[in-house]
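Asks: Quick one: this structure, given as structure tokens, is what I'll be asking you about.
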Amino acid sequence: MIQFQYTRATEARMALDAISKDQSSMFIAGGTNLVDLMKRGIVTPERIVDISRLPLNKISYEGKVLKIGSLALNSTVAENKLVQHKHPLLAQALNAGASAQIRNMATVGGNILQRTRCHYFYDTSLPCNKREPGTGCGALEGFNRMHAIFGFSDKCIAVHPSDMSVALLALDATVLVEGSKGQRRIPFGDFHRLPGDKPEIDTNLLPGELILGVEVPDNGFAKNSHYLKVRDRASYAFALVSVAAALQIEKKVIKDARIALGGVAHKPWRLAEAERSLIGKPVSEASFQQAALLAMQGAKGFKHNEFKLKLAPNSIVQALKVASRMV
Amino acid sequence: MNRFFDKVIGDPMNRVDGKLKVTGAARYSAEYQLPNISYGVIVSSTIAKGRIRSVDAKAALRSPGVIAVISHENAIRVPGWADNEHPTEPPTGGRPLRAFHNNRVYSNGQPIAIVVADTYERARHAAMLVKIEYDTDKHETNFEANKGKAVVPAVVKKNPKSGLADYERGQAEGYKTAAVKLELEYVHPTEVHNPMELQAITAHWEADDKLIVYDKVQGTKPTQQAFANEWKIPVQNVKVISEFVGGAFGNGLHNWPHETAAIIAAKMVKRPVKLMLTREQMFFMVGYRPYTWQKIGIGADKDGKLTGIYHEAIGQTSSYEEFTESTLQQTRMMYTSPNIGTKYRLLPLDVSTPIWMRGPGEATGAFALESAMDEIAFALNIDPVQFRLMNHTDTDPDKNLPWSTKYLKECIQVGAEKIGWSKRSLKPAGVRSGEWLVGYGMGVGTFGAHRGAAAVRAKLLANGTVVFQSAVTDIGPGTGTAMVQIASEHLGVSPDKITFQLGNSDFPQAPNQGGSATVATVGSAVVATCKAMKEKLLGMAPAADKRFAGLKVEDVTFDKGYLSLSRSPSVKVAFTDLLKKQNLSELDVLQDSKPNQEANKYSKYSFSVHFAEVHVHPATGQVRVKKVVTCADAGTIVNKKTAANQMIGGVTGGIGMALQEEAVMDHRFGRYVTKDFGDYHVPVHADVPPIEVYFVNKPDYIVDPMGTKGLGEIAIIGVAPAITNAIFNATGKRIRELPVTPDKLI
Amino acid sequence: MDKSNLKNQQSGEPRNESRRGFLKQSAVLTGVALTPAVALKAAENQWDEKLAEALEKIPLKLEVNGVSKSLMVEPRVTLLDLLREQLHLTGTKKGCDYGQCGACTVHVNGNRVLSCLTLAVMQDGQKITTIEGLAEGEKLHPMQDAFLKHDGFQCGYCTPGQIMSAIACIREGHADSAEEIREYMSGNICRCGAYPNIVDAIVEVKNGGKKV
């Protein structure tokens, strides 16, 4: 890890000022991703601005919107009664991620911003366009079992590793950010980028912007939602495929639906067409199968991740079955 | 005679070193505070084969706190290496990699340089600044692509009678004419030991010819000898301390280049050097269970009698050092069959050298053998438990000798009952629990009951306590605890008055801790030392009480620190009084022990059987091991608590082997891509169900005077096939390539 | 012996541009404990490297196991390395250094965190409890007793992390069943595989009702 300057910010403005002065500086909050990346020489900020003590950790409910400060800890959010009551899907997704210790450190903002866990991104001796633009994508012709089946480019086939973000996407969340030009709101689906020609840029956050929090509007999904995470061991592993499924059911008919996938793309992957197909349909395996079929349009596998073309639709159906209490 | 079932041996006593471990006071190799210590960080190769053109250390040397950057360009010569630089006959099977010896790169991740700095952070940073240029050669690391190039091991060429030579009983390929026959291929991927403690060494030259190392090894004496040879210094000038070893599972059975790198560095910077590998480096530098391809031809008659097994294996090794293991041994002796053949080959690749990993080759071989047994039982429509019992053998068909003891049938019967085998459907996918498919499977394990030579010192002190010493290490099984129990039993002193010191090469000779042989080997020496101590005490007794004159040890009872006449227990004298009488501050006894020749008339093995209940989700392919029952015939159980712990640990390792573990290499670079605990999965709490352990607990006095047979290896051997067989029973899917991850089941 | 890559430790080693640049940079920063004037002067006058090194450190106050510590540390030092290498509290273990094994688990203000992913400077003013801080003299913490009794370890290396995590698991209210314990303890890997014994130990402490 390189030697760096350390500054502790006591108010958001100070943090923004510190960052804007210096392009090589980075915010640190929980540190669970950044410290790891710095140890391995993957990122080398010359200056670290510690934002962990900014007063951005509140969870509140105002105007039918649940507001979660960006520095709220993953464990705090998962245990929050308001969250559990209004958006159990979010609590489930949070608890499916990492370990109890990491959830005690990691913040909401950091979780959204975490970098891919692609093997090639993590090894500085191997090619990776995301880490070092122009070196090539190691995974494209390499070991790509964990990689994308949607939205990839020939520059990058990495996936976003967050569970929480998959739930936030399904729940129509908004990200509130602040930069030198003031505050703005970014719909969750627009927050993360697809890799395209610039895989080194993960999100649409502008340089110098700070995430203040996320906002989740009320919905009718609390009774029928489920976060399913399929992974290589029973806990403490990244998803092969994960599904955030939420249904609004009235008299066994689906009134509204949300489905998002994790572990399949460079960003959490929303399945709008599959969602639409469910509206007005009866709660049945056949409805779910049809949605899953639609969901997979345009998916393409690579040498080692072809299985996701089957695991993903299977998991969508399974998550919808659990959400609708069929099983 | 049956002294081994009374209160001390067998007692589930708490570990004697447990308090140190639960309070954080136990010291591991990187935890000794030496004055003026410096920190080493290894720079590893990023190519798999070639030559180092240059090592540019300028930037690293300019970095604050850096003391040295050492590579082949500037490393001092290790004197012991000069002698055999150009031997007339190269050593059979090659030799270990030599750190910084020349400019050759043999594998990716090989140590190329060590950066030494005054703090760890500075050393780690500077290591990233070292620039290495290579001339790259084409490498071969892909096992499957090179399988045709497998060779007969050099040890077999030199000694055709080696246990690794091709084997034939009846007709090697006799299975081919069987009424029912199968030919099956199995692949076992590379697995890495990954003990929780990262490999670490603190090296310190106390004088020019006097070395002390705090090193993570499984044997202090073999390590002492190795370093004395390397540095051409008297063996007593090398001191190896390994008081606590944070797991090893075999990777401490070899001395690795990072150890010599630290020793070279300490000599050059004239300061103690502490070096702890990173988790990635653990994949490249300190051995692994080799990728192994196996093929089994198996045949039986329609009634379920095996008529032949032909078992072939090809294991991976490095280009510079031959690693072999007994992958096929159990196929020769496990079941009765008129025709048995085995064929073992090695495939040298541009990778680092493997090393025995728990249950070593036997665990790999058992995956194939016990899977094939399950497959043919299914083909025959016979219950696999029944099939094992039908082909059970009461003598060793390989050596043609009687077993010293064998209670495998009893294990199988108990295990089948405890897992609820009767609930199993012979037809796959026949049992469900909600959405989940339920399956039951079993696998048998066996491992040689070995005993080596060792010596133990005992010192009886004036306060009545006794200190035992042995150079042996304890990588986790609870060696010290078992030895205290054996000593207590055999000397007649209560356990709380006994200390067993270990992990120090200054103590009496002991071999590596490995091969499930520690209790048999060192325990026997404890027994011998206790006997010698008792003889000395009895010799001193008449001076205190004439009634002890002329007696033999057998005539006297030694209990709770007293000698008494067995026929007249009221005649007694305290050990401490004997010392006082002679004005001795202590009584010192050193005794060695080795196996007796009589034991060679028997075939000696431990046996185990594992039963697993698994649930498989048909849509997602997730596997949950719901229950495991494991039964062991391991002779006398010295401590039921620590022994049971070893068994559940072995089962946990087997769950990893069956479902999770695989070090994946990208062959374009010859470099592992799954190389930390995030990508290389080992079982976590949520993967491990309740595990029931049963011991036969019948002594085998042919192996050793305690009647133990060893259980570290049999705890894992046969577990993986028990699980994969259960998966087949649950789903009808037979996965012959480990690990069985969800993608393989959908 | 070829000393070309060995520094002459007496000479103090030639300084380099980046170091001076670094110090200059330090001087214009806010929020750290450098006195800019001192830093600038040090850089320009090429003072002894030792002083320069000292300037890279910043002050840190911690309470570790009830004892207040005033330290000077480089910002890149993790809490784990600080505990092990500077405070010599080696009970906290390094098993992976990447937040993937749990061996380094400590409590910060009573909550379990991974010390390997924590920069020590970020914990300024916090209360740290390590495995060495659990027992009261000879009297072990109930969880330590339970680990002993149930043999919740073999090699002992993951044990401090398991125990710290186990205590937190009960405090957090996630020890209501063996299954819940297994899930909430999954961040602590035990390669020896003593998991069922660890779960037994936690169940016993939980059911014992003693304050943890």
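Residue names in the structure tokens use chain letters A, B, ... in the order shown, residue numbers from 1 in each chain, and ligand numbers from 1 in the order shown.
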Near Val77 (chain C), counting only C-alpha atoms, which residues have an atom at most 7 Å away, once you skip same-chain residues fewer than 4 positions from it, shown as a PyMOL selection string?
Replies: (chain B and resi 121) or (chain C and resi 73+81-82+119-120)
Asks: As a ChimeraX atom specification, could you give me every residue of chain A near chain C (at most 6 Å apart, counting only C-alpha atoms)?
Replies: /A:7,32,35-36,99,101
Asks: Pick out the chain A residues within 6 Å of chain B. Count only C-alpha atoms. Give them as an MDAnalysis selection string.
Replies: chainID A and resid 1:2 119 234 307 314
Asks: Keeping only C-alpha atoms, write those residues as a PDB file, in the first residue's frame.
Replies:
ATOM      1  CA  MET A   1       0.000   0.000   0.000  1.00  0.00           C
ATOM      2  CA  ILE A   2       1.421   3.360  -0.936  1.00  0.00           C
ATOM      3  CA  HIS A 119     -10.121 -12.354 -10.758  1.00  0.00           C
ATOM      4  CA  ALA A 234     -24.105 -21.627   2.036  1.00  0.00           C
ATOM      5  CA  PHE A 307     -24.710 -22.415 -16.766  1.00  0.00           C
ATOM      6  CA  ASN A 314     -34.476 -21.198 -12.696  1.00  0.00           C
TER       7      ASN A 314
END
Asks: I need the residues of region 78-185 of chain C that end up classed as alpha helix (DSSP H) by DSSP on the backbone, written out as an NGL selection string.
Replies: :C and (79-81 or 142-150 or 159-171 or 178-184)
Asks: Please produce a file of the residues just selected, as an mmCIF file, in the first residue's frame, where the atoms kept are N, CA and C atoms.
Replies:
data_model
loop_
_atom_site.group_PDB
_atom_site.id
_atom_site.type_symbol
_atom_site.label_atom_id
_atom_site.label_comp_id
_atom_site.auth_asym_id
_atom_site.auth_seq_id
_atom_site.Cartn_x
_atom_site.Cartn_y
_atom_site.Cartn_z
ATOM 1 N N LEU C 79 -5.452 -1.519 11.636
ATOM 2 C CA LEU C 79 -5.610 -1.791 13.070
ATOM 3 C C LEU C 79 -4.970 -3.134 13.420
ATOM 4 N N LEU C 80 -5.108 -4.101 12.530
ATOM 5 C CA LEU C 80 -4.524 -5.428 12.778
ATOM 6 C C LEU C 80 -3.010 -5.344 12.930
ATOM 7 N N ASP C 81 -2.351 -4.688 11.988
ATOM 8 C CA ASP C 81 -0.891 -4.608 12.070
ATOM 9 C C ASP C 81 -0.446 -3.743 13.251
ATOM 10 N N PRO C 142 -16.856 -16.188 29.945
ATOM 11 C CA PRO C 142 -17.653 -17.409 29.764
ATOM 12 C C PRO C 142 -17.497 -18.046 28.376
ATOM 13 N N MET C 143 -17.286 -17.214 27.368
ATOM 14 C CA MET C 143 -17.117 -17.787 26.022
ATOM 15 C C MET C 143 -15.786 -18.531 25.905
ATOM 16 N N GLN C 144 -14.762 -18.006 26.565
ATOM 17 C CA GLN C 144 -13.474 -18.704 26.562
ATOM 18 C C GLN C 144 -13.604 -20.041 27.272
ATOM 19 N N ASP C 145 -14.304 -20.028 28.398
ATOM 20 C CA ASP C 145 -14.548 -21.280 29.119
ATOM 21 C C ASP C 145 -15.289 -22.287 28.248
ATOM 22 N N ALA C 146 -16.303 -21.785 27.545
ATOM 23 C CA ALA C 146 -17.122 -22.688 26.737
ATOM 24 C C ALA C 146 -16.323 -23.258 25.560
ATOM 25 N N PHE C 147 -15.462 -22.446 24.978
ATOM 26 C CA PHE C 147 -14.614 -22.962 23.892
ATOM 27 C C PHE C 147 -13.692 -24.066 24.415
ATOM 28 N N LEU C 148 -13.173 -23.870 25.621
ATOM 29 C CA LEU C 148 -12.322 -24.900 26.226
ATOM 30 C C LEU C 148 -13.109 -26.184 26.446
ATOM 31 N N LYS C 149 -14.253 -26.029 27.049
ATOM 32 C CA LYS C 149 -15.063 -27.192 27.413
ATOM 33 C C LYS C 149 -15.524 -27.966 26.178
ATOM 34 N N HIS C 150 -15.943 -27.222 25.145
ATOM 35 C CA HIS C 150 -16.470 -27.889 23.949
ATOM 36 C C HIS C 150 -15.404 -28.138 22.900
ATOM 37 N N THR C 159 -9.129 -19.062 16.559
ATOM 38 C CA THR C 159 -9.883 -19.052 17.810
ATOM 39 C C THR C 159 -10.168 -17.656 18.373
ATOM 40 N N PRO C 160 -9.153 -16.781 18.467
ATOM 41 C CA PRO C 160 -9.480 -15.449 18.994
ATOM 42 C C PRO C 160 -10.575 -14.769 18.185
ATOM 43 N N GLY C 161 -10.493 -14.874 16.875
ATOM 44 C CA GLY C 161 -11.522 -14.269 16.025
ATOM 45 C C GLY C 161 -12.872 -14.928 16.229
ATOM 46 N N GLN C 162 -12.879 -16.237 16.373
ATOM 47 C CA GLN C 162 -14.147 -16.956 16.596
ATOM 48 C C GLN C 162 -14.773 -16.489 17.913
ATOM 49 N N ILE C 163 -13.937 -16.370 18.934
ATOM 50 C CA ILE C 163 -14.469 -16.007 20.257
ATOM 51 C C ILE C 163 -15.008 -14.569 20.245
ATOM 52 N N MET C 164 -14.252 -13.670 19.641
ATOM 53 C CA MET C 164 -14.729 -12.277 19.576
ATOM 54 C C MET C 164 -16.036 -12.200 18.803
ATOM 55 N N SER C 165 -16.091 -12.966 17.735
ATOM 56 C CA SER C 165 -17.286 -12.965 16.902
ATOM 57 C C SER C 165 -18.456 -13.632 17.636
ATOM 58 N N ALA C 166 -18.150 -14.696 18.363
ATOM 59 C CA ALA C 166 -19.198 -15.444 19.076
ATOM 60 C C ALA C 166 -19.865 -14.566 20.136
ATOM 61 N N ILE C 167 -19.057 -13.793 20.842
ATOM 62 C CA ILE C 167 -19.605 -12.902 21.874
ATOM 63 C C ILE C 167 -20.535 -11.886 21.220
ATOM 64 N N ALA C 168 -20.059 -11.314 20.106
ATOM 65 C CA ALA C 168 -20.874 -10.321 19.407
ATOM 66 C C ALA C 168 -22.148 -10.951 18.855
ATOM 67 N N CYS C 169 -22.027 -12.178 18.411
ATOM 68 C CA CYS C 169 -23.179 -12.880 17.829
ATOM 69 C C CYS C 169 -24.313 -12.964 18.859
ATOM 70 N N ILE C 170 -23.959 -13.248 20.093
ATOM 71 C CA ILE C 170 -24.973 -13.296 21.156
ATOM 72 C C ILE C 170 -25.486 -11.886 21.463
ATOM 73 N N ARG C 171 -24.558 -10.934 21.579
ATOM 74 C CA ARG C 171 -24.977 -9.557 21.886
ATOM 75 C C ARG C 171 -25.924 -9.003 20.831
ATOM 76 N N ALA C 178 -29.170 -22.982 16.512
ATOM 77 C CA ALA C 178 -27.894 -23.423 15.937
ATOM 78 C C ALA C 178 -27.784 -22.934 14.497
ATOM 79 N N GLU C 179 -28.903 -22.953 13.784
ATOM 80 C CA GLU C 179 -28.860 -22.537 12.385
ATOM 81 C C GLU C 179 -28.526 -21.046 12.254
ATOM 82 N N GLU C 180 -29.133 -20.263 13.122
ATOM 83 C CA GLU C 180 -28.843 -18.830 13.078
ATOM 84 C C GLU C 180 -27.384 -18.554 13.452
ATOM 85 N N ILE C 181 -26.892 -19.274 14.430
ATOM 86 C CA ILE C 181 -25.487 -19.115 14.825
ATOM 87 C C ILE C 181 -24.577 -19.450 13.642
ATOM 88 N N ARG C 182 -24.880 -20.545 12.966
ATOM 89 C CA ARG C 182 -24.036 -20.934 11.824
ATOM 90 C C ARG C 182 -24.007 -19.834 10.771
ATOM 91 N N GLU C 183 -25.160 -19.249 10.498
ATOM 92 C CA GLU C 183 -25.199 -18.182 9.488
ATOM 93 C C GLU C 183 -24.405 -16.959 9.967
ATOM 94 N N TYR C 184 -24.634 -16.553 11.194
ATOM 95 C CA TYR C 184 -24.011 -15.310 11.665
ATOM 96 C C TYR C 184 -22.562 -15.493 12.111
#
Asks: Between C:Gly66, C:Gly125, C:Gly156, C:Gly110, which has the minimum distance to chain B (counting only C-alpha atoms)?
Replies: C:Gly156
Asks: Report as a list in words all protein, DNA and RNA residues lying within 12 Å of Gly182 (chain A), evaluated on only C-alpha atoms, omitting residues in the same chain fewer than 5 positions from it.
Replies: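 Near Gly182 (chain A), the qualifying residues are Ala12, Arg13, Leu16, Leu176, Val177, Leu206, Gly208, Glu209, Leu210, Ile211 and Leu212 of chain A.
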Asks: Deliver the residues from the most recent selection as a file, using C-alpha atoms, as a CSV table (one decimal), in the first residue's frame.
Replies:
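Full text of part-v5.csv as output:
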chain,number,residue,atom,x,y,z
A,12,ALA,CA,-19.6,17.1,3.9
A,13,ARG,CA,-18.5,20.4,2.4
A,16,LEU,CA,-16.0,17.7,-1.1
A,176,LEU,CA,-28.9,11.4,-3.6
A,177,VAL,CA,-25.5,12.9,-4.4
A,206,LEU,CA,-19.1,12.6,-11.3
A,208,GLY,CA,-15.8,14.9,-6.7
A,209,GLU,CA,-19.4,13.9,-6.0
A,210,LEU,CA,-20.4,12.4,-2.7
A,211,ILE,CA,-23.3,10.0,-2.1
A,212,LEU,CA,-25.5,11.5,0.7
Asks: Could you pull the residues within 7 Å of Glu230 (chain B), counting only C-alpha atoms, minus those fewer than 2 positions along the same chain, as a PyMOL selection string?
Replies: chain B and resi 78-81+226-228+232
Asks: Only C-alpha atoms, please: the residues just picked out, written as a tab-separated table (two decimals), in the first residue's frame.
Replies:
chain	number	residue	atom	x	y	z
B	78	VAL	CA	24.11	-20.86	0.40
B	79	PRO	CA	27.21	-22.96	1.15
B	80	GLY	CA	25.42	-26.30	1.25
B	81	TRP	CA	24.21	-25.80	-2.28
B	226	ALA	CA	17.84	-29.23	6.52
B	227	PHE	CA	19.06	-25.79	7.53
B	228	ALA	CA	22.27	-27.17	9.06
B	232	LYS	CA	27.09	-26.14	6.56
Asks: Write out as number ranges by chain which residues come within 6 Å of region 87-101 of chain B when counting only C-alpha atoms, dropping same-chain ones fewer than 5 positions away.
Replies: B: 71-72, 154, 257, 261, 320-322
Asks: Please identify which residues in region 100-291 of chain A DSSP calls strand (DSSP E or B) from the backbone, and express them as a PyMOL selection string.
Replies: chain A and resi 107+153+156+174-179+182-187+192+203+210-217+225-231+239-250+253-262+269-270+282
Asks: Nearest to Ile198 (chain C) among C:Asp176, C:Glu85, C:Cys158, C:Lys61, with distances taken over only C-alpha atoms: which residue is it?
Replies: C:Cys158
Asks: Please provide as a list in words all residues within 9 Å of Phe249 (chain B), with the sequence filter that same-chain residues fewer than 3 positions apart are discarded (counting only C-alpha atoms).
Replies: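 Counting only the stated atoms, we get His193, Asn194, Pro195, Gly252, Leu253, Trp356, Met357, Arg358, Gly359, Ile475 and Gly514 of chain B; Cys192 of chain C.
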Asks: Calculated over only C-alpha atoms, which of the candidates B:Arg424, B:Gly415, B:Ile691, B:Arg388 has the smallest distance to chain C?
Replies: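 That would be B:Ile691, the residue with the smallest distance to chain C.
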Asks: Hey, what's within 10 Å of Ser60 (chain A) if we count only C-alpha atoms and toss same-chain stuff fewer than 2 positions away? As a list of chain:residue names, please?
Replies: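 Here the answer would be A:Asn57, A:Lys58, A:Glu62, A:Val65, A:Leu66, A:Lys67, A:Ile68, A:Gly69, A:Leu82, A:Val83, A:Glu215.
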Asks: Between CA of Phe288 (chain A) and CA of Glu250 (chain A), what is the distance, to one decimal in Å?
Replies: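 Interatomic distance, CA of Phe288 (chain A) to CA of Glu250 (chain A): 16.3 Å.
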Asks: Find, counting only C-alpha atoms, the residue in C:Leu71, C:Val64, C:Ile131, C:Val212 that gets nearest to chain B.
Replies: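 Smallest distance to chain B is found for C:Ile131.
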Asks: Looking at only C-alpha atoms, which of C:Ser68, C:Gln154, C:Thr130, C:Asn207 is the one that sits closest to chain B?
Replies: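 Closest to chain B of all the choices is C:Gln154.
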